[in-house]
Amino acid sequence: MTDPATPVPLPENLSVNLPDALRDRATALDAADPLAGYRDRFAPSDGLVAYLDGNSLGRPLAATRERLASFVDGPWAARLIRSWDEGWMDAPTELGDTLGRVVLGAAPGQTVVADSTTVLLYKLARAAVDARPGRRVIVADTENFPTDRFVLQGIAAERGLELRWITPDAESGVTPEDVAAAVGQDTALVLLSHVAYKSGYVADLPAITRIVHDAGALVLWDLCHSAGSVPLDLDADGVDIAVGCTYKYLNGGPGSPAFAYLAAGLQDEVRQPVQGWMGAADPFAMGAEYEPAAGIRQLISGTPPVIGMLPMRDMLALIEEAGMPAVREKSLALTGFATEIADEYLAGVRVSSPRDPQRRGSHIMLDHPDFKRVVAAAWERGVVPDFRPPQGLRVGLSPLSTSFTEVANGLWLIRDLVG
C-alpha cells in the first residue's frame with residue numbers, strides 16, 4: 001500500500017496549486033486516516049484529479065475485475081445451466097442476508113436483491129397500501145427524489161388514493177413534527193428518504209417510524225443515499241419496509257440490482273403485485289395458478305440478475321472488513337472537511353447541507369448561480385462532482401475510496417472555476 005500521506009497523483013498537464021495551509025491540513029488528515037489504505041483496493045481512473053460523485057456511482061474495486069472474468073470461465077462456461085442449482089437460484093436471498101448483516105441491521109430472511117429501485121418501490125408501496133384497506137392517504141414529501149414521487153403518483157391514480165404532500169425546509173429535511181402533522185387515521189403509507197438526495201439531511205428514522213406506527217400506517221424508507229455510508233438498524237428501529245439501490249456506496253456498478261427489506265412480521269400480510277414465476281412457491285411446477293413463495297422470496301418476480309450481483313459482493317466484504325462505524329466516522333470527517341473548505345475558500349458559495357454532522361449523510365450540497373457551467377468545466381479538468389437544479393453542486397464522498405487531499409484538490413479547482 002502507498003503512504004497515505006502522499007498526495008494523490010495528478011494527470012499529466014493538470015495541477016492544483018493548493019495554498020500551503022490547506023495542503024498541510026489535507027496531508028495531515030490523510031496521514032491520520034485509519035482507512036486510507038483501502039483506497040488502493042479500487043481500480044485506478046486515468047485522468048482523474050478528484051472524484052466527488054461517489055453518491056451517484058461508486059468506483060469499481062480491483063477485485064471485481066477478476067471476479068467477473070472468473071465468473072465467465074467458471075460458473076457460466078464450465079457449469080452452464082447447472083449453476084442455477086449450484087447457487088444462482090438462492091443468490092437474491094443469500095446476498096440479501098449478507099447485505100442485511102453488514103449494512104442494514106437486519107436479521108436473515110428479510111432482505112432480497114432484485115429488480116431496480118423504481119420497480120421495488122412500486123411493488124412495496126402498492127403492497128403496503130393494499131395491506132391497509134380503507135385508508136385512502138399516502139404521505140410523501142415534495143423534496144424527495146423524482147422516482148419516489150412519480151411512483152406514488154401512479155399508485156395514487158391507479159388505486160384512487162390521495163397524496164398528501166409534506167413541503168419540508170430544503171436544507172433541514174422532513175422532521176418528526178412534519179410527519180406528525182401529516183398522518184392520521186386515514187393514512188395507509190408514508191414514504192420518505194432516510195438521507196435527502198439534495199441536502200444530505202439524515203431524517204430521524206426511529207422517531208418518524210414510531211409516529212407512523214402510532215397512526216396505524218406503514219412506513220417505507222428509501223435508503224439509496226444511506227446504505228453503505230450511514231449505519232442502519234432496521235430491525236431494532238421497527239422499520240416496516242425499505243428499498244435502496246446498490247450502485248452508490250455499495251459499488252455494485254451501473255445498473256446493479258436494488259434491494260428490498262420486508263420485516264418478518266409483515267411477510268404474511270404484505271403481498272406484492274408483480275406475480276412472476278421466480279416468486280412462486282414452486283417455480284418449476286409450472287402451475288396454472290400463482291401461489292407466492294413463503295417469506296422474503298415472494299418479492300422476486302423475474303429471473304435474478306446474477307451477473308449484476310457480483311461487484312456488490314466485493315464491496316460488502318470491504319465494508320465488513322472496515323466496519324460501518326469506521327466508515328461513518330470517515331464520512332463525517334470528509335464532509336466536515338469539505339464544508340470547512342467551502343466556508344473558508346469558496347467565495348459566493350453557500351453550503352446548503354446540515355451543519356450538525358449527525359444530521360448529515362455522506363454528501364454536501366453547495367449552491368452558486370453559475371454551478372451548471374462550473375460542473376461541466378470541472379469534468380473536463382478531471383474533477384467530477386454532479387449538478388442538481390437549480391444551482392446545486394453536490395459533493396459526494398465515498399469514505400473507502402476518497403482521500404482528504406482529493407477533496408482539497410477538487411474543491412480548489414472548483415474555486416478557480418467560480419472565480
# chains A, B, ... in the order shown; residues from 1 in each chain; ligands from 1
$ select_by_dssp --residues "range 288-359 of chain A" --states "helix (DSSP H, G or I)" --output "ChimeraX atom specification"
/A:295-299,306-322,324-345,357-359
$ residues_around --residues "range 277-282 of chain A" --least-positions-apart "4" --cutoff "8 Å" --atoms "only C-alpha atoms" --output "MDAnalysis selection string"
chainID A and resid 286 290:294 297:303
$ write_last_selection --atoms "all heavy atoms" --output "CSV table (one decimal), in the first residue's frame"
chain,number,residue,atom,x,y,z
A,286,MET,N,-44.5,-25.1,-12.8
A,286,MET,CA,-45.1,-24.5,-14.0
A,286,MET,C,-46.7,-24.6,-13.8
A,286,MET,O,-47.4,-25.0,-14.8
A,286,MET,CB,-44.7,-25.2,-15.3
A,286,MET,CG,-43.2,-25.2,-15.5
A,286,MET,SD,-42.5,-23.6,-15.6
A,286,MET,CE,-40.7,-24.0,-15.8
A,290,TYR,N,-51.0,-18.9,-9.6
A,290,TYR,CA,-49.8,-18.3,-8.8
A,290,TYR,C,-50.0,-18.6,-7.3
A,290,TYR,O,-51.1,-18.3,-6.7
A,290,TYR,CB,-49.7,-16.8,-9.0
A,290,TYR,CG,-48.6,-16.2,-8.2
A,290,TYR,CD1,-47.2,-16.3,-8.6
A,290,TYR,CD2,-48.9,-15.4,-7.1
A,290,TYR,CE1,-46.2,-15.7,-7.8
A,290,TYR,CE2,-47.9,-14.8,-6.3
A,290,TYR,CZ,-46.6,-14.9,-6.7
A,290,TYR,OH,-45.6,-14.3,-5.9
A,291,GLU,N,-49.1,-19.2,-6.7
A,291,GLU,CA,-49.0,-19.3,-5.2
A,291,GLU,C,-47.7,-18.7,-4.8
A,291,GLU,O,-46.6,-19.2,-5.1
A,291,GLU,CB,-49.1,-20.7,-4.8
A,291,GLU,CG,-49.1,-20.9,-3.2
A,291,GLU,CD,-49.1,-22.3,-2.8
A,291,GLU,OE1,-49.4,-23.2,-3.6
A,291,GLU,OE2,-48.8,-22.6,-1.6
A,292,PRO,N,-47.7,-17.6,-3.9
A,292,PRO,CA,-46.5,-16.9,-3.6
A,292,PRO,C,-45.6,-17.8,-2.7
A,292,PRO,O,-46.0,-18.6,-1.9
A,292,PRO,CB,-46.9,-15.7,-2.8
A,292,PRO,CG,-48.3,-16.1,-2.3
A,292,PRO,CD,-48.9,-17.0,-3.3
A,293,ALA,N,-44.3,-17.6,-2.9
A,293,ALA,CA,-43.3,-18.3,-2.1
A,293,ALA,C,-43.5,-17.8,-0.6
A,293,ALA,O,-43.9,-16.7,-0.4
A,293,ALA,CB,-41.9,-18.0,-2.5
A,294,ALA,N,-43.0,-18.6,0.3
A,294,ALA,CA,-43.1,-18.2,1.7
A,294,ALA,C,-41.9,-17.2,2.0
A,294,ALA,O,-40.9,-17.3,1.3
A,294,ALA,CB,-43.0,-19.4,2.6
A,297,ARG,N,-38.8,-14.3,-0.2
A,297,ARG,CA,-38.7,-14.7,-1.7
A,297,ARG,C,-39.9,-14.3,-2.5
A,297,ARG,O,-39.8,-14.2,-3.7
A,297,ARG,CB,-38.4,-16.2,-1.8
A,297,ARG,CG,-37.9,-16.6,-3.2
A,297,ARG,CD,-37.4,-18.0,-3.3
A,297,ARG,NE,-36.9,-18.2,-4.6
A,297,ARG,CZ,-35.7,-17.9,-5.0
A,297,ARG,NH1,-34.8,-17.5,-4.2
A,297,ARG,NH2,-35.3,-18.1,-6.3
A,298,GLN,N,-41.0,-14.1,-1.9
A,298,GLN,CA,-42.2,-13.7,-2.6
A,298,GLN,C,-42.0,-12.3,-3.3
A,298,GLN,O,-42.7,-12.0,-4.3
A,298,GLN,CB,-43.4,-13.5,-1.7
A,298,GLN,CG,-43.2,-12.4,-0.6
A,298,GLN,CD,-44.5,-11.8,-0.1
A,298,GLN,OE1,-45.3,-11.3,-0.9
A,298,GLN,NE2,-44.7,-11.9,1.2
A,299,LEU,N,-41.0,-11.5,-2.9
A,299,LEU,CA,-40.8,-10.2,-3.6
A,299,LEU,C,-40.1,-10.4,-4.9
A,299,LEU,O,-40.0,-9.4,-5.7
A,299,LEU,CB,-39.9,-9.3,-2.7
A,299,LEU,CG,-40.5,-8.9,-1.3
A,299,LEU,CD1,-39.7,-7.9,-0.7
A,299,LEU,CD2,-42.0,-8.4,-1.5
A,300,ILE,N,-39.5,-11.5,-5.2
A,300,ILE,CA,-38.9,-11.8,-6.5
A,300,ILE,C,-40.0,-11.9,-7.6
A,300,ILE,O,-41.0,-12.6,-7.3
A,300,ILE,CB,-38.0,-13.0,-6.5
A,300,ILE,CG1,-36.9,-12.8,-5.4
A,300,ILE,CG2,-37.3,-13.3,-7.8
A,300,ILE,CD1,-36.1,-14.0,-5.2
A,301,SER,N,-39.8,-11.4,-8.8
A,301,SER,CA,-40.7,-11.6,-9.9
A,301,SER,C,-40.0,-12.4,-11.0
A,301,SER,O,-40.5,-13.5,-11.3
A,301,SER,CB,-41.2,-10.3,-10.4
A,301,SER,OG,-41.9,-9.6,-9.3
A,302,GLY,N,-39.0,-11.8,-11.6
A,302,GLY,CA,-38.4,-12.4,-12.8
A,302,GLY,C,-37.0,-13.1,-12.4
A,302,GLY,O,-36.6,-13.2,-11.2
A,303,THR,N,-36.3,-13.5,-13.5
A,303,THR,CA,-35.0,-14.1,-13.3
A,303,THR,C,-34.0,-13.2,-12.6
A,303,THR,O,-33.8,-12.1,-12.9
A,303,THR,CB,-34.4,-14.5,-14.7
A,303,THR,OG1,-35.4,-15.3,-15.4
A,303,THR,CG2,-33.1,-15.2,-14.5
$ atom_distance --atom1 "CA of Phe371 in chain A" --atom2 "CA of Val151 in chain A"
29.4 Å
$ residues_around --residues "Gly58 in chain A" --least-positions-apart "3" --cutoff "10 Å" --atoms "only C-alpha atoms" --output "mmCIF file with N, CA and C atoms, in the first residue's frame"
data_model
loop_
_atom_site.group_PDB
_atom_site.id
_atom_site.type_symbol
_atom_site.label_atom_id
_atom_site.label_comp_id
_atom_site.auth_asym_id
_atom_site.auth_seq_id
_atom_site.Cartn_x
_atom_site.Cartn_y
_atom_site.Cartn_z
ATOM 1 N N PHE A 42 -9.233 -0.010 -4.966
ATOM 2 C CA PHE A 42 -10.109 0.407 -6.063
ATOM 3 C C PHE A 42 -9.333 0.522 -7.371
ATOM 4 N N TYR A 51 -12.653 12.558 -7.573
ATOM 5 C CA TYR A 51 -13.983 12.009 -7.833
ATOM 6 C C TYR A 51 -14.873 12.388 -6.662
ATOM 7 N N ASP A 53 -18.314 12.265 -6.743
ATOM 8 C CA ASP A 53 -19.661 11.820 -7.115
ATOM 9 C C ASP A 53 -19.906 10.373 -6.703
ATOM 10 N N GLY A 54 -19.277 9.963 -5.595
ATOM 11 C CA GLY A 54 -19.440 8.592 -5.137
ATOM 12 C C GLY A 54 -20.841 8.268 -4.675
ATOM 13 N N ASN A 55 -21.662 9.303 -4.458
ATOM 14 C CA ASN A 55 -23.051 9.063 -4.075
ATOM 15 C C ASN A 55 -23.953 8.895 -5.291
ATOM 16 N N LEU A 61 -14.044 -1.837 -7.586
ATOM 17 C CA LEU A 61 -12.928 -2.445 -6.882
ATOM 18 C C LEU A 61 -12.071 -3.247 -7.847
ATOM 19 N N THR A 246 -27.872 -0.128 -5.185
ATOM 20 C CA THR A 246 -26.581 -0.710 -4.787
ATOM 21 C C THR A 246 -25.404 -0.152 -5.577
ATOM 22 N N TYR A 247 -25.631 0.852 -6.409
ATOM 23 C CA TYR A 247 -24.535 1.366 -7.243
ATOM 24 C C TYR A 247 -23.874 2.610 -6.670
ATOM 25 N N LYS A 248 -24.348 3.088 -5.518
ATOM 26 C CA LYS A 248 -23.734 4.254 -4.886
ATOM 27 C C LYS A 248 -22.652 3.785 -3.924
ATOM 28 N N TYR A 249 -22.966 3.759 -2.620
ATOM 29 C CA TYR A 249 -21.967 3.402 -1.621
ATOM 30 C C TYR A 249 -21.731 1.899 -1.514
ATOM 31 N N LEU A 250 -22.511 1.093 -2.231
ATOM 32 C CA LEU A 250 -22.284 -0.349 -2.262
ATOM 33 C C LEU A 250 -21.539 -0.776 -3.517
ATOM 34 N N ASN A 251 -21.245 0.159 -4.409
ATOM 35 C CA ASN A 251 -20.326 -0.022 -5.531
ATOM 36 C C ASN A 251 -20.668 -1.216 -6.418
ATOM 37 N N GLY A 252 -21.956 -1.396 -6.659
ATOM 38 C CA GLY A 252 -22.383 -2.514 -7.493
ATOM 39 C C GLY A 252 -22.237 -2.278 -8.977
ATOM 40 N N GLY A 253 -21.965 -1.039 -9.385
ATOM 41 C CA GLY A 253 -21.780 -0.739 -10.802
ATOM 42 C C GLY A 253 -23.058 -0.261 -11.456
ATOM 43 N N PRO A 254 -22.944 0.333 -12.649
ATOM 44 C CA PRO A 254 -24.121 0.894 -13.338
ATOM 45 C C PRO A 254 -25.163 -0.179 -13.612
ATOM 46 N N MET A 315 -17.655 -5.258 -2.511
ATOM 47 C CA MET A 315 -17.766 -4.068 -1.667
ATOM 48 C C MET A 315 -18.325 -4.403 -0.297
ATOM 49 N N GLY A 396 -20.223 14.312 -3.355
ATOM 50 C CA GLY A 396 -20.477 13.004 -2.773
ATOM 51 C C GLY A 396 -19.176 12.294 -2.449
ATOM 52 N N LEU A 397 -18.993 11.915 -1.177
ATOM 53 C CA LEU A 397 -17.702 11.435 -0.705
ATOM 54 C C LEU A 397 -17.835 10.015 -0.171
ATOM 55 N N SER A 398 -17.438 9.050 -0.980
ATOM 56 C CA SER A 398 -17.482 7.654 -0.587
ATOM 57 C C SER A 398 -16.288 7.363 0.320
ATOM 58 N N SER A 401 -13.027 5.111 -0.665
ATOM 59 C CA SER A 401 -12.296 5.369 -1.908
ATOM 60 C C SER A 401 -11.834 6.818 -2.048
#
$ closest_residue --among "A:Met324, A:Leu192, A:Ala69, A:Leu120" --to "Leu310 in chain A" --atoms "only C-alpha atoms"
A:Ala69
$ select_by_dssp --residues "range 83-115 of chain A" --states "strand (DSSP E)" --output "PyMOL selection string"
chain A and resi 111-114
$ closest_residue --among "A:Leu104, A:Lys198, A:Trp165, A:Gly336" --to "Phe387 in chain A" --atoms "only C-alpha atoms"
A:Lys198
$ closest_residue --among "A:Thr64, A:Arg381, A:Ile211, A:Val327" --to "Ala181 in chain A" --atoms "only C-alpha atoms"
A:Ile211
$ residues_around --residues "range 219-224 of chain A" --least-positions-apart "2" --cutoff "9 Å" --atoms "only C-alpha atoms" --output "compact mmCIF listing (two decimals) with N, CA, C and O atoms, in the first residue's frame"
# COMPACT_ATOMS: atom_id res chain seq x y z
N ASN A 55 -21.66 9.30 -4.46
CA ASN A 55 -23.05 9.06 -4.08
C ASN A 55 -23.95 8.89 -5.29
O ASN A 55 -25.16 8.69 -5.14
N THR A 117 -34.51 0.05 -8.28
CA THR A 117 -35.15 0.79 -7.18
C THR A 117 -36.59 1.15 -7.52
O THR A 117 -37.50 1.01 -6.70
N LEU A 121 -39.77 -0.03 -5.42
CA LEU A 121 -40.63 0.97 -4.79
C LEU A 121 -42.09 0.75 -5.17
O LEU A 121 -42.98 0.83 -4.31
N LEU A 124 -43.46 -2.55 -3.38
CA LEU A 124 -43.65 -2.44 -1.93
C LEU A 124 -44.66 -1.37 -1.56
O LEU A 124 -45.44 -1.55 -0.61
N ALA A 125 -44.68 -0.25 -2.28
CA ALA A 125 -45.67 0.79 -1.98
C ALA A 125 -47.08 0.30 -2.30
O ALA A 125 -48.02 0.52 -1.52
N ALA A 128 -48.09 -2.15 0.31
CA ALA A 128 -48.34 -1.52 1.61
C ALA A 128 -49.73 -0.89 1.66
O ALA A 128 -50.45 -1.04 2.66
N ASP A 148 -39.36 8.38 -6.54
CA ASP A 148 -40.25 8.11 -5.42
C ASP A 148 -41.59 8.83 -5.62
O ASP A 148 -42.66 8.24 -5.41
N ALA A 188 -52.45 5.36 4.98
CA ALA A 188 -52.06 3.98 4.72
C ALA A 188 -50.55 3.82 4.73
O ALA A 188 -50.01 2.86 5.29
N LEU A 189 -49.85 4.78 4.10
CA LEU A 189 -48.42 4.64 3.87
C LEU A 189 -47.74 5.99 3.94
O LEU A 189 -48.27 7.00 3.46
N VAL A 190 -46.54 6.00 4.52
CA VAL A 190 -45.64 7.15 4.46
C VAL A 190 -44.37 6.69 3.78
O VAL A 190 -43.78 5.68 4.16
N LEU A 191 -43.93 7.41 2.73
CA LEU A 191 -42.68 7.10 2.03
C LEU A 191 -41.74 8.30 2.15
O LEU A 191 -42.08 9.40 1.73
N LEU A 192 -40.55 8.05 2.71
CA LEU A 192 -39.55 9.09 2.88
C LEU A 192 -38.16 8.54 2.60
O LEU A 192 -37.95 7.33 2.68
N SER A 193 -37.23 9.43 2.31
CA SER A 193 -35.83 9.05 2.18
C SER A 193 -35.12 9.25 3.51
O SER A 193 -35.31 10.27 4.18
N HIS A 194 -34.29 8.28 3.88
CA HIS A 194 -33.53 8.39 5.12
C HIS A 194 -32.50 9.52 5.01
O HIS A 194 -32.35 10.32 5.93
N VAL A 195 -31.79 9.59 3.86
CA VAL A 195 -30.87 10.69 3.59
C VAL A 195 -31.38 11.43 2.36
O VAL A 195 -31.55 10.82 1.29
N TYR A 197 -31.62 13.36 -0.99
CA TYR A 197 -30.69 13.29 -2.11
C TYR A 197 -30.09 14.63 -2.48
O TYR A 197 -29.03 14.68 -3.10
N LEU A 205 -35.06 8.58 11.64
CA LEU A 205 -35.78 7.36 11.25
C LEU A 205 -36.52 6.71 12.42
O LEU A 205 -37.70 6.37 12.28
N ILE A 208 -39.61 9.00 13.47
CA ILE A 208 -40.65 9.06 12.44
C ILE A 208 -41.36 7.73 12.31
O ILE A 208 -42.59 7.66 12.15
N THR A 209 -40.62 6.64 12.38
CA THR A 209 -41.24 5.31 12.30
C THR A 209 -42.26 5.13 13.43
O THR A 209 -43.37 4.62 13.20
N VAL A 212 -45.48 7.14 12.68
CA VAL A 212 -46.30 6.50 11.64
C VAL A 212 -47.03 5.29 12.22
O VAL A 212 -48.22 5.08 11.96
N HIS A 213 -46.34 4.50 13.01
CA HIS A 213 -46.97 3.33 13.62
C HIS A 213 -48.09 3.73 14.58
O HIS A 213 -49.13 3.05 14.65
N ALA A 217 -50.32 3.32 10.39
CA ALA A 217 -49.89 3.23 9.00
C ALA A 217 -48.56 2.48 8.89
O ALA A 217 -47.92 2.16 9.90
N SER A 226 -28.10 6.18 1.98
CA SER A 226 -27.57 5.85 3.31
C SER A 226 -26.95 4.47 3.37
O SER A 226 -25.98 4.26 4.11
N ALA A 227 -27.45 3.50 2.59
CA ALA A 227 -26.92 2.14 2.67
C ALA A 227 -25.44 2.12 2.29
O ALA A 227 -25.07 2.46 1.18
N VAL A 239 -38.52 -0.83 11.57
CA VAL A 239 -38.86 -0.45 10.19
C VAL A 239 -39.74 -1.52 9.55
O VAL A 239 -39.51 -2.72 9.73
N ASP A 240 -40.73 -1.08 8.80
CA ASP A 240 -41.63 -2.00 8.10
C ASP A 240 -41.01 -2.48 6.79
O ASP A 240 -40.85 -3.68 6.56
N ILE A 241 -40.70 -1.50 5.94
CA ILE A 241 -40.29 -1.77 4.57
C ILE A 241 -39.19 -0.78 4.20
O ILE A 241 -39.23 0.38 4.61
N ALA A 242 -38.23 -1.23 3.42
CA ALA A 242 -37.19 -0.33 2.93
C ALA A 242 -36.73 -0.80 1.56
O ALA A 242 -36.77 -1.99 1.25
N VAL A 243 -36.29 0.15 0.77
CA VAL A 243 -35.79 -0.10 -0.58
C VAL A 243 -34.54 0.74 -0.79
O VAL A 243 -34.44 1.85 -0.26
N GLY A 244 -33.58 0.22 -1.54
CA GLY A 244 -32.39 1.02 -1.84
C GLY A 244 -31.66 0.50 -3.05
O GLY A 244 -31.86 -0.65 -3.47
N CYS A 245 -30.82 1.34 -3.63
CA CYS A 245 -30.01 0.93 -4.76
C CYS A 245 -28.65 0.44 -4.27
O CYS A 245 -28.31 0.59 -3.10
N THR A 246 -27.87 -0.13 -5.18
CA THR A 246 -26.58 -0.71 -4.79
C THR A 246 -25.40 -0.15 -5.58
O THR A 246 -24.28 -0.63 -5.42
N TYR A 247 -25.63 0.85 -6.41
CA TYR A 247 -24.54 1.37 -7.24
C TYR A 247 -23.87 2.61 -6.67
O TYR A 247 -22.93 3.14 -7.25
N LYS A 248 -24.35 3.09 -5.52
CA LYS A 248 -23.73 4.25 -4.89
C LYS A 248 -22.65 3.79 -3.92
O LYS A 248 -21.56 3.42 -4.32
N TYR A 249 -22.97 3.76 -2.62
CA TYR A 249 -21.97 3.40 -1.62
C TYR A 249 -21.73 1.90 -1.51
O TYR A 249 -20.84 1.47 -0.78
N ALA A 258 -31.32 -3.52 -7.21
CA ALA A 258 -31.66 -2.87 -5.96
C ALA A 258 -31.91 -3.93 -4.88
O ALA A 258 -31.76 -5.13 -5.11
$ residues_around --residues "range 358-362 of chain A" --least-positions-apart "6" --cutoff "9 Å" --atoms "only C-alpha atoms" --output "list of chain:residue names"
A:Asn55, A:Ser172, A:Val195, A:Ala196, A:Ser199, A:Gly200, A:Tyr201, A:Val202, A:Ala203, A:Asp204, A:His225, A:Ser226, A:Ser229, A:Val230, A:Arg328, A:Ser331, A:Leu332, A:Leu334, A:Thr335, A:Val395, A:Gly396, A:Leu397, A:Ser398, A:Pro399
$ closest_residue --among "A:Val349, A:Leu417, A:Leu316, A:Ser45" --to "Thr98 in chain A" --atoms "only C-alpha atoms"
A:Leu316
$ closest_residue --among "A:Val383, A:Val306, A:Ala236, A:Ala140" --to "Pro75 in chain A" --atoms "only C-alpha atoms"
A:Val306
$ closest_residue --among "A:Glu289, A:Glu329, A:Glu162, A:Asp30" --to "Val129 in chain A" --atoms "only C-alpha atoms"
A:Glu162
$ residues_around --residues "Pro108 in chain A" --least-positions-apart "4" --cutoff "8 Å" --atoms "only C-alpha atoms" --output "MDAnalysis selection string"
chainID A and resid 97 100:101
$ write_last_selection --atoms "all heavy atoms" --output "compact mmCIF listing (two decimals), in the first residue's frame"
# COMPACT_ATOMS: atom_id res chain seq x y z
N ASP A 97 -29.18 -11.49 2.66
CA ASP A 97 -28.82 -11.71 4.06
C ASP A 97 -27.47 -11.08 4.39
O ASP A 97 -27.28 -10.53 5.48
CB ASP A 97 -28.78 -13.21 4.37
CG ASP A 97 -30.17 -13.82 4.48
OD1 ASP A 97 -31.15 -13.06 4.58
OD2 ASP A 97 -30.27 -15.06 4.48
N GLY A 100 -28.04 -7.41 4.64
CA GLY A 100 -28.73 -7.13 5.89
C GLY A 100 -27.79 -7.14 7.08
O GLY A 100 -27.88 -6.27 7.96
N ARG A 101 -26.89 -8.12 7.12
CA ARG A 101 -25.96 -8.23 8.24
C ARG A 101 -24.93 -7.11 8.26
O ARG A 101 -24.65 -6.52 9.30
CB ARG A 101 -25.25 -9.58 8.18
CG ARG A 101 -24.28 -9.82 9.34
CD ARG A 101 -23.46 -11.09 9.18
NE ARG A 101 -22.40 -10.94 8.19
CZ ARG A 101 -22.38 -11.52 7.02
NH1 ARG A 101 -23.38 -12.30 6.63
NH2 ARG A 101 -21.37 -11.34 6.18
$ residues_around --residues "Pro304 in chain A" --least-positions-apart "6" --cutoff "10 Å" --atoms "only C-alpha atoms" --output "ChimeraX atom specification"
/A:88-92,113-115,257,278
$ atom_distance --atom1 "CA of Ser116 in chain A" --atom2 "CA of Glu94 in chain A"
17.9 Å
